[in-house]
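Trainee: To be precise about what I am sending: the file is called coords.cif and holds mmCIF, C-alpha atoms.
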data_model
#
loop_
_atom_site.label_atom_id
_atom_site.label_comp_id
_atom_site.auth_asym_id
_atom_site.auth_seq_id
_atom_site.Cartn_x
_atom_site.Cartn_y
_atom_site.Cartn_z
CA MET A 706 -95.72 -144.18 -115.87
CA GLU A 707 -93.86 -145.35 -112.80
CA SER A 708 -94.10 -142.00 -111.04
CA GLN A 709 -97.76 -141.76 -111.95
CA VAL A 710 -98.54 -145.17 -110.50
CA SER A 711 -96.59 -144.62 -107.29
CA ARG A 712 -98.56 -141.49 -106.48
CA VAL A 713 -101.33 -141.94 -103.93
CA ASP A 714 -103.33 -139.56 -101.76
CA GLY A 715 -102.18 -137.98 -98.54
CA ASN A 716 -104.86 -140.17 -97.03
CA ALA A 717 -102.37 -143.03 -97.29
CA MET A 718 -100.14 -141.28 -94.74
CA ALA A 719 -102.88 -141.37 -92.10
CA GLY A 720 -101.44 -144.27 -90.14
CA MET A 721 -97.94 -142.90 -90.08
CA LEU A 722 -99.09 -139.40 -89.13
CA GLY A 723 -101.23 -141.00 -86.43
CA GLU A 724 -98.05 -142.37 -84.88
CA ILE A 725 -96.73 -138.88 -84.15
CA PHE A 726 -99.76 -136.56 -84.01
CA VAL A 727 -102.55 -136.75 -81.45
CA HIS A 728 -105.24 -135.45 -83.83
CA GLU A 729 -106.45 -136.97 -87.08
CA MET A 730 -104.21 -135.36 -89.67
CA THR A 731 -105.59 -136.21 -93.11
CA ALA A 732 -108.44 -133.73 -92.59
CA ALA A 733 -105.95 -131.07 -91.48
CA ARG A 734 -105.43 -128.28 -93.99
CA VAL A 735 -102.00 -127.43 -95.26
CA ALA A 736 -100.92 -124.31 -97.13
CA CYS A 737 -98.37 -124.65 -99.91
CA GLY A 738 -95.79 -121.90 -99.69
CA GLY A 739 -94.93 -122.50 -103.33
CA CYS A 740 -98.25 -121.83 -105.04
CA GLY A 741 -100.32 -120.62 -102.10
CA ARG A 742 -103.09 -123.18 -102.46
CA ILE A 743 -104.67 -124.70 -99.37
CA GLU A 744 -105.88 -128.32 -99.29
CA ALA A 745 -106.57 -131.10 -96.84
CA ILE A 746 -103.55 -133.33 -96.35
CA GLY A 747 -105.74 -136.20 -97.56
CA ALA A 748 -106.18 -134.44 -100.89
CA GLU A 749 -102.49 -133.82 -101.53
CA HIS A 750 -100.21 -136.25 -103.36
CA ALA A 751 -98.25 -138.78 -101.36
CA TYR A 752 -95.32 -140.86 -102.53
CA MET A 753 -95.02 -143.85 -100.27
CA ASP A 754 -92.43 -146.06 -101.93
CA ALA A 755 -89.35 -143.99 -101.18
CA PRO A 756 -87.40 -144.56 -97.95
CA SER A 757 -89.23 -141.50 -96.71
CA VAL A 758 -92.86 -140.66 -97.29
CA VAL A 759 -93.15 -137.49 -99.31
CA LEU A 760 -96.23 -135.25 -99.39
CA ARG A 761 -96.40 -132.98 -102.41
CA CYS A 762 -98.79 -130.18 -103.31
CA CYS A 763 -101.49 -131.54 -105.65
CA HIS A 764 -101.40 -128.29 -107.63
CA CYS A 765 -97.70 -127.48 -108.09
CA GLU A 766 -96.05 -130.73 -106.88
CA GLY A 767 -93.91 -128.74 -104.46
CA VAL A 768 -92.65 -130.83 -101.56
CA LEU A 769 -94.74 -130.03 -98.48
CA LEU A 770 -93.59 -132.55 -95.90
CA VAL A 771 -91.13 -135.43 -95.76
CA LEU A 772 -91.67 -138.00 -93.06
CA THR A 773 -88.99 -140.53 -92.24
CA ARG A 774 -89.30 -143.30 -89.70
CA ALA A 775 -85.98 -144.61 -88.53
CA ARG A 776 -85.27 -147.32 -86.00
CA ASP A 777 -86.19 -145.35 -82.91
CA ASN A 778 -87.23 -141.89 -84.03
CA TYR A 779 -89.20 -139.95 -86.61
CA VAL A 780 -87.92 -137.06 -88.64
CA LEU A 781 -90.52 -134.70 -90.06
CA GLY A 782 -88.93 -132.59 -92.76
CA LEU A 783 -90.62 -129.27 -93.35
CA GLY A 784 -90.73 -128.39 -97.02
CA LYS A 785 -93.00 -125.78 -98.52
CA ALA A 786 -95.80 -126.34 -96.02
CA SER A 787 -96.18 -122.83 -94.62
CA TRP A 788 -98.84 -123.75 -92.08
CA LEU A 789 -101.03 -126.60 -90.87
CA GLU A 790 -104.52 -126.17 -89.46
CA VAL A 791 -105.61 -129.09 -87.32
CA ALA A 792 -109.20 -129.60 -86.17
CA GLY A 793 -109.73 -130.79 -82.64
CA SER A 794 -110.29 -129.60 -79.15
CA PRO A 795 -107.08 -129.09 -77.15
CA MET B 1039 -109.07 -148.64 -70.48
CA ALA B 1040 -111.31 -147.91 -73.45
CA ARG B 1041 -109.28 -147.23 -76.55
CA ALA B 1042 -111.24 -144.07 -77.23
CA ALA B 1043 -109.93 -142.64 -73.98
CA VAL B 1044 -106.43 -142.55 -75.40
CA LEU B 1045 -106.90 -139.46 -77.50
CA GLY B 1046 -105.89 -139.98 -81.07
CA ARG B 1047 -103.17 -142.49 -80.32
CA LEU B 1048 -103.11 -145.35 -82.75
CA SER B 1049 -102.40 -148.65 -81.12
CA TRP B 1050 -102.20 -152.18 -82.48
CA THR B 1051 -104.93 -154.57 -81.51
CA LEU B 1052 -106.00 -158.09 -82.39
CA GLY B 1053 -109.13 -159.13 -84.26
CA GLU B 1054 -110.42 -162.66 -84.65
CA VAL B 1055 -111.39 -163.87 -88.10
CA VAL B 1056 -115.01 -164.99 -87.82
CA GLU B 1057 -115.97 -165.33 -91.46
CA LEU B 1058 -114.34 -165.38 -94.90
CA ILE B 1059 -116.41 -164.54 -97.95
CA ASP B 1060 -115.13 -165.18 -101.47
CA GLU B 1061 -116.39 -162.22 -103.47
CA THR B 1062 -114.66 -163.02 -106.76
CA PRO B 1063 -111.89 -165.48 -107.68
CA ARG B 1064 -109.29 -162.90 -106.58
CA VAL B 1065 -111.12 -161.00 -103.87
CA ARG B 1066 -112.10 -162.07 -100.39
CA SER B 1067 -113.87 -160.35 -97.54
CA ILE B 1068 -112.46 -160.90 -94.07
CA VAL B 1069 -114.98 -160.43 -91.27
CA LEU B 1070 -113.42 -159.74 -87.90
CA ASP B 1071 -114.51 -159.54 -84.32
CA VAL B 1072 -112.40 -156.79 -82.76
CA PRO B 1073 -112.98 -156.25 -79.03
CA ASP B 1074 -113.53 -152.58 -78.10
CA TRP B 1075 -113.51 -151.52 -81.74
CA PRO B 1076 -114.41 -147.81 -81.82
CA ARG B 1077 -117.12 -146.96 -84.32
CA HIS B 1078 -115.49 -146.08 -87.64
CA ARG B 1079 -116.65 -143.65 -90.31
CA ALA B 1080 -117.57 -144.86 -93.78
CA GLY B 1081 -114.49 -144.54 -96.01
CA GLN B 1082 -111.85 -145.07 -93.34
CA HIS B 1083 -109.18 -147.75 -93.46
CA VAL B 1084 -107.09 -149.87 -91.14
CA ASP B 1085 -103.45 -150.85 -91.15
CA VAL B 1086 -102.85 -154.61 -91.03
CA ARG B 1087 -99.52 -155.99 -89.81
CA LEU B 1088 -98.25 -159.51 -90.38
CA THR B 1089 -95.32 -160.86 -88.41
CA ALA B 1090 -93.35 -163.88 -89.61
CA GLU B 1091 -91.82 -166.40 -87.21
CA ASP B 1092 -88.41 -164.81 -87.75
CA GLY B 1093 -89.76 -161.39 -86.75
CA TYR B 1094 -90.05 -159.96 -90.25
CA GLN B 1095 -93.02 -157.61 -90.43
CA ALA B 1096 -95.06 -156.38 -93.36
CA GLN B 1097 -97.73 -153.71 -93.08
CA ARG B 1098 -100.48 -152.65 -95.50
CA SER B 1099 -103.55 -150.42 -95.46
CA TYR B 1100 -106.98 -151.83 -96.29
CA SER B 1101 -110.27 -150.01 -96.63
CA ILE B 1102 -113.09 -150.94 -94.30
CA ALA B 1103 -116.03 -152.46 -96.17
CA SER B 1104 -118.57 -152.75 -93.37
CA ALA B 1105 -120.98 -150.05 -92.27
CA PRO B 1106 -120.20 -148.15 -89.08
CA GLU B 1107 -123.44 -149.65 -87.76
CA ASP B 1108 -122.15 -153.22 -88.23
CA PRO B 1109 -120.75 -154.67 -84.99
CA ARG B 1110 -118.32 -156.78 -87.01
CA LEU B 1111 -115.47 -155.23 -88.95
CA ALA B 1112 -115.19 -156.32 -92.58
CA LEU B 1113 -112.20 -155.76 -94.87
CA THR B 1114 -112.21 -156.74 -98.53
CA VAL B 1115 -108.84 -157.64 -100.00
CA GLU B 1116 -107.78 -158.25 -103.58
CA ARG B 1117 -104.96 -160.72 -104.14
CA LEU B 1118 -102.24 -158.84 -106.02
CA PRO B 1119 -99.58 -160.58 -108.11
CA ASP B 1120 -96.56 -161.09 -105.85
CA GLY B 1121 -98.43 -159.43 -102.99
CA GLU B 1122 -96.87 -160.87 -99.87
CA VAL B 1123 -99.60 -159.63 -97.55
CA SER B 1124 -102.63 -159.91 -99.82
CA SER B 1125 -101.77 -163.45 -100.91
CA TYR B 1126 -101.71 -164.50 -97.26
CA LEU B 1127 -104.95 -162.69 -96.43
CA VAL B 1128 -106.81 -164.01 -99.47
CA GLY B 1129 -105.25 -167.46 -99.65
CA GLU B 1130 -104.20 -168.67 -96.23
CA LEU B 1131 -106.16 -166.91 -93.51
CA ARG B 1132 -108.69 -169.17 -91.75
CA PRO B 1133 -111.60 -168.57 -89.37
CA GLY B 1134 -110.30 -168.44 -85.82
CA ASP B 1135 -106.99 -166.84 -86.87
CA MET B 1136 -106.01 -163.60 -85.16
CA LEU B 1137 -105.11 -160.57 -87.25
CA GLU B 1138 -103.11 -157.61 -85.96
CA LEU B 1139 -104.52 -154.25 -86.98
CA ARG B 1140 -104.84 -150.62 -85.96
CA GLY B 1141 -107.44 -148.01 -86.77
CA PRO B 1142 -109.83 -146.72 -87.82
CA ILE B 1143 -107.63 -144.33 -89.75
CA GLY B 1144 -108.30 -141.29 -91.92
CA GLY B 1145 -110.63 -138.33 -91.67
CA TYR B 1146 -110.63 -136.97 -95.21
CA PHE B 1147 -112.12 -139.64 -97.48
CA VAL B 1148 -115.19 -140.16 -95.29
CA TRP B 1149 -118.92 -139.73 -95.79
CA GLU B 1150 -121.68 -139.31 -93.22
CA ALA B 1151 -125.27 -140.20 -94.08
CA SER B 1152 -126.35 -136.92 -92.48
CA ARG B 1153 -124.93 -135.06 -95.50
CA GLN B 1154 -127.61 -133.56 -97.71
CA GLU B 1155 -125.83 -133.43 -101.06
CA PRO B 1156 -126.58 -136.09 -103.69
CA LEU B 1157 -123.87 -138.72 -103.49
CA LEU B 1158 -121.84 -139.85 -106.49
CA LEU B 1159 -119.52 -142.82 -106.06
CA VAL B 1160 -117.13 -143.86 -108.81
CA ALA B 1161 -115.19 -147.08 -108.33
CA GLY B 1162 -112.53 -148.85 -110.35
CA GLY B 1163 -112.11 -152.53 -109.42
CA SER B 1164 -111.47 -153.04 -105.72
CA GLY B 1165 -111.85 -149.28 -105.29
CA ILE B 1166 -115.44 -150.22 -104.53
CA VAL B 1167 -114.52 -151.25 -100.97
CA PRO B 1168 -114.66 -147.92 -99.07
CA LEU B 1169 -117.58 -146.85 -101.26
CA MET B 1170 -119.44 -150.02 -100.23
CA SER B 1171 -119.01 -148.98 -96.62
CA MET B 1172 -120.71 -145.70 -97.59
CA LEU B 1173 -123.58 -147.50 -99.35
CA ARG B 1174 -124.04 -149.83 -96.38
CA HIS B 1175 -123.96 -146.84 -94.04
CA ARG B 1176 -126.54 -145.15 -96.24
CA GLU B 1177 -128.77 -148.22 -96.16
CA ALA B 1178 -128.58 -148.32 -92.36
CA SER B 1179 -129.59 -144.67 -92.05
CA ALA B 1180 -133.05 -143.17 -92.08
CA THR B 1181 -133.10 -140.07 -94.25
CA VAL B 1182 -130.43 -140.00 -96.88
CA PRO B 1183 -129.68 -138.15 -100.09
CA GLY B 1184 -129.91 -139.88 -103.45
CA ALA B 1185 -126.90 -141.96 -104.44
CA ARG B 1186 -125.42 -143.17 -107.69
CA LEU B 1187 -122.57 -145.60 -108.16
CA VAL B 1188 -120.59 -145.81 -111.39
CA TYR B 1189 -118.56 -148.99 -111.10
CA SER B 1190 -115.91 -150.10 -113.58
CA SER B 1191 -114.91 -153.79 -113.60
CA ARG B 1192 -113.03 -155.90 -116.08
CA SER B 1193 -115.79 -158.49 -116.43
CA TRP B 1194 -119.09 -159.45 -114.77
CA GLU B 1195 -117.23 -162.13 -112.78
CA ASP B 1196 -114.92 -159.43 -111.39
CA VAL B 1197 -117.77 -157.34 -109.96
CA ILE B 1198 -117.29 -157.34 -106.18
CA TYR B 1199 -120.48 -157.38 -104.03
CA ARG B 1200 -122.48 -158.11 -107.20
CA GLU B 1201 -125.54 -159.59 -105.54
CA GLU B 1202 -125.63 -157.09 -102.69
CA LEU B 1203 -125.42 -154.21 -105.16
CA GLU B 1204 -128.32 -155.68 -107.12
CA ARG B 1205 -130.32 -156.03 -103.94
CA LEU B 1206 -129.53 -152.48 -102.80
CA SER B 1207 -130.29 -150.94 -106.17
CA SER B 1208 -133.64 -152.72 -106.54
CA ALA B 1209 -134.84 -151.61 -103.10
CA ALA B 1210 -137.04 -148.54 -102.77
CA GLY B 1211 -134.82 -145.49 -102.31
CA GLY B 1212 -131.76 -147.58 -103.06
CA PRO B 1213 -128.76 -146.29 -104.97
CA GLN B 1214 -128.70 -146.29 -108.73
CA VAL B 1215 -125.90 -148.62 -109.84
CA ILE B 1216 -124.32 -148.18 -113.26
CA HIS B 1217 -121.82 -150.85 -114.27
CA THR B 1218 -119.25 -150.67 -117.00
CA LEU B 1219 -117.36 -153.80 -118.05
CA THR B 1220 -114.13 -152.88 -119.74
CA ARG B 1221 -112.71 -156.18 -121.01
CA THR B 1222 -115.40 -158.80 -121.48
CA GLN B 1223 -119.16 -158.58 -121.32
CA PRO B 1224 -121.71 -161.35 -120.86
CA PRO B 1225 -123.93 -162.24 -123.85
CA GLY B 1226 -126.69 -159.71 -124.28
CA TRP B 1227 -124.93 -157.03 -122.19
CA THR B 1228 -126.52 -153.67 -122.88
CA GLY B 1229 -124.59 -151.60 -120.35
CA TYR B 1230 -121.39 -149.63 -120.78
CA ALA B 1231 -118.37 -151.55 -122.08
CA ARG B 1232 -115.57 -149.00 -121.91
CA ARG B 1233 -113.48 -147.12 -119.40
CA VAL B 1234 -115.20 -144.39 -117.43
CA ASP B 1235 -114.95 -141.17 -119.40
CA GLY B 1236 -116.46 -137.71 -119.44
CA ALA B 1237 -119.31 -138.71 -121.76
CA MET B 1238 -120.28 -141.58 -119.48
CA LEU B 1239 -120.17 -139.36 -116.41
CA ALA B 1240 -122.20 -136.69 -118.17
CA GLU B 1241 -124.91 -139.32 -118.73
CA ALA B 1242 -124.69 -141.28 -115.49
CA ALA B 1243 -123.59 -138.81 -112.81
CA TRP B 1244 -125.64 -136.17 -111.04
CA ALA B 1245 -125.72 -132.83 -112.80
CA PRO B 1246 -123.27 -130.38 -111.22
CA SER B 1247 -126.21 -128.05 -110.59
CA ALA B 1248 -127.47 -130.53 -107.97
CA ASP B 1249 -124.35 -129.67 -105.96
CA PRO B 1250 -123.33 -133.32 -105.58
CA MET B 1251 -120.52 -134.74 -103.52
CA ALA B 1252 -118.27 -137.24 -105.30
CA PHE B 1253 -115.99 -139.97 -103.99
CA VAL B 1254 -113.65 -141.65 -106.46
CA CYS B 1255 -111.57 -144.70 -105.58
CA GLY B 1256 -109.45 -147.03 -107.66
CA PRO B 1257 -106.03 -147.35 -109.26
CA THR B 1258 -104.14 -144.06 -109.55
CA PRO B 1259 -104.60 -143.55 -113.34
CA PHE B 1260 -108.33 -144.35 -113.04
CA VAL B 1261 -108.83 -141.91 -110.17
CA GLU B 1262 -106.95 -139.10 -111.86
CA SER B 1263 -108.80 -139.53 -115.12
CA VAL B 1264 -112.23 -139.66 -113.43
CA ALA B 1265 -111.51 -136.73 -111.12
CA SER B 1266 -110.38 -134.59 -114.08
CA ALA B 1267 -113.43 -135.61 -116.09
CA LEU B 1268 -115.77 -134.67 -113.23
CA VAL B 1269 -114.19 -131.23 -112.94
CA LEU B 1270 -114.44 -130.79 -116.69
CA ILE B 1271 -118.19 -131.48 -116.63
CA GLY B 1272 -118.60 -128.88 -113.91
CA TYR B 1273 -118.04 -130.52 -110.53
CA ARG B 1274 -116.36 -128.30 -107.98
CA PRO B 1275 -112.85 -129.66 -107.31
CA THR B 1276 -113.44 -129.40 -103.56
CA SER B 1277 -116.48 -131.65 -103.79
CA VAL B 1278 -114.55 -134.45 -105.52
CA LYS B 1279 -112.68 -136.58 -103.01
CA THR B 1280 -110.25 -139.18 -104.25
CA GLU B 1281 -108.47 -142.21 -102.94
CA ARG B 1282 -105.81 -143.69 -105.17
CA PHE B 1283 -104.47 -147.21 -104.81
CA GLY B 1284 -100.72 -147.29 -104.80
CA PRO B 1285 -98.43 -149.96 -106.19
CA THR B 1286 -97.48 -151.17 -102.73
CA GLY B 1287 -100.83 -152.54 -101.78
CA GLY B 1288 -99.52 -156.13 -101.92
#
Could you write out this file's structure as structure tokens?
Mentor:
Amino acid sequence: MESQVSRVDGNAMAGMLGEIFVHEMTAARVACGGCGRIEAIGAEHAYMDAPSVVLRCCHCEGVLLVLTRARDNYVLGLGKASWLEVAGSP
Amino acid sequence: MARAAVLGRLSWTLGEVVELIDETPRVRSIVLDVPDWPRHRAGQHVDVRLTAEDGYQAQRSYSIASAPEDPRLALTVERLPDGEVSSYLVGELRPGDMLELRGPIGGYFVWEASRQEPLLLVAGGSGIVPLMSMLRHREASATVPGARLVYSSRSWEDVIYREELERLSSAAGGPQVIHTLTRTQPPGWTGYARRVDGAMLAEAAWAPSADPMAFVCGPTPFVESVASALVLIGYRPTSVKTERFGPTGG
């Protein structure tokens, strides 16, 4: 039950992603290298209550991205996300 | 410099509390005047940051309740048990106070009134908030698709925006609003009195053949059960957008 309740949508990562990316990222599409499915980041599963924020594939629960904010830097861990497609003019 | 000129960068800003509206005993709307607020999209949220005198900071995300067309920004907040931020926002904030926030945030769980597909909104409790922004946006727009709201509350007293929903739904071209009251019902209640399930959605939602677009918002178990039920009755998974409330919304 606990893990079920702590799961939210990738949408919840929007503010944190907005701190490091110039473009809006929850509408960006991400490909899962585990199962091959492609979804918007906002549609994936996010786990926000760990020290790091973890984005998992909503189909296979494979870890896509792990974002950690430390005192004066961010660490973006690349899991099974094989690519990101971001909308926006350069 | 206009905030919009700083491409994509989220920055903290201050809004002044201009009105507080008690929606239910546990839920309050906070109406803010935010200088240079960029127009938001219905369904987006903001981050709110509170700073204590000793420097301790707590940050939470809250959905925007107001329409993009509304010059004032409205948030609607439910007081959660032991919620350090929500108990301050619902219990202690006063008109004239300044609130630190950043946004609008999010580009996935958003709806534009220019969309043509019939709109299905399914809300559990305070999950109504971003969906209310969509309904207000719809009301402020000229030509809009049909809309239905299936709204699950514990009791009639817990229904947020009750009077406004009644007003909207009784207006010509207004949304159809279907309530279900899961714990207690007023005397003579003839509506639904159970959790949202596939049978209820099959009766109350648009037929999948109408190619509807669905937005589901509420607690995580509610959202997952409703989204699965919609797919089971034939909705395309890509046309069902969800926003789950986490446990850290306090």
Trainee: List the spatial neighbours of stretch 1110-1120 of chain B as an NGL selection string - criterion: any atom at most 8 Å away, all atoms listed in the file, same-chain residues fewer than 4 positions off excluded.
Mentor: :B and (1064-1072 or 1100-1104 or 1124-1125 or 1127-1128 or 1164 or 1167 or 1287-1288)
Trainee: What does the PyMOL selection byres ((chain A) within 9 of (chain B)) select in this file, as a ChimeraX atom specification?
Mentor: /A:709-720,723-733,744-748,752-754
Trainee: Please tell me which residues are no farther than 9 Å from (-115.3, -149.3, -109.5) in the file, counting all atoms listed in the file, and write them as number ranges by chain.
Mentor: B: 1159-1167, 1169, 1187-1191, 1197-1198, 1217-1218, 1254-1256
Trainee: Please enumerate the residues selected by the PyMOL selection byres ((chain B and resi 1138) around 10) when evaluated against the supplied file, formatted as JSON, numbers by chain.
Mentor: {"B": [1050, 1051, 1052, 1053, 1054, 1072, 1085, 1086, 1087, 1088, 1089, 1097, 1136, 1137, 1139, 1140]}
Trainee: Tell me which of B:Gly1129, B:Ala1267, B:Ser1207, B:Pro1183 sits closest to B:Gln1154, counting only C-alpha atoms.
Mentor: B:Pro1183
Trainee: What residues come out when you apply the PyMOL selection byres ((chain A and resi 769) around 7) to this file, written as a PyMOL selection string?
Mentor: chain A and resi 737+760-762+767-768+770+783-786
Trainee: Taking all atoms listed in the file into account, which of B:Gly1211, B:Thr1222, B:Phe1260, B:Arg1186 comes nearest B:Glu1241?
Mentor: B:Arg1186
Trainee: Would you mind reading off the distance between atom CA of B:Trp1149 and atom CA of B:Ala1080, one decimal, in Å?
Mentor: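 Spanning atom CA of B:Trp1149 to atom CA of B:Ala1080 is a straight-line distance of 5.7 Å.
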Trainee: Between atom CA of B:Pro1156 and atom CA of A:Ala792, what is the distance in Å, rounded to a tenth?
Mentor: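 Atom CA of B:Pro1156 sits 25.5 Å away from atom CA of A:Ala792.
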Trainee: Have a look at atom CA of B:Glu1130 and atom CA of B:Arg1192 and let me know their distance in Å, one decimal.
Mentor: 25.2 Å
Trainee: Of the residues A:Leu789, A:Cys765, A:Leu722, A:Leu772, which is the one nearest to A:His750, using only C-alpha atoms?
Mentor: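 For A:His750, the nearest of the candidates is A:Cys765.
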Trainee: Can you tell me, as a list in words, which residues sit within 6 Å of (-122.3, -149.0, -91.5) in the file's frame, using only C-alpha atoms?
Mentor: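 Residues satisfying the cut-off, written out: Ser1104, Ala1105, Pro1106, Glu1107, Asp1108, Arg1174 and His1175 of chain B.
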Trainee: Tell me, as a PyMOL selection string, which residues lie within 7 Å of B:Val1234, counting all atoms listed in the file; anything in the same chain fewer than 2 positions away does not count.
Mentor: chain B and resi 1190+1232+1238+1264
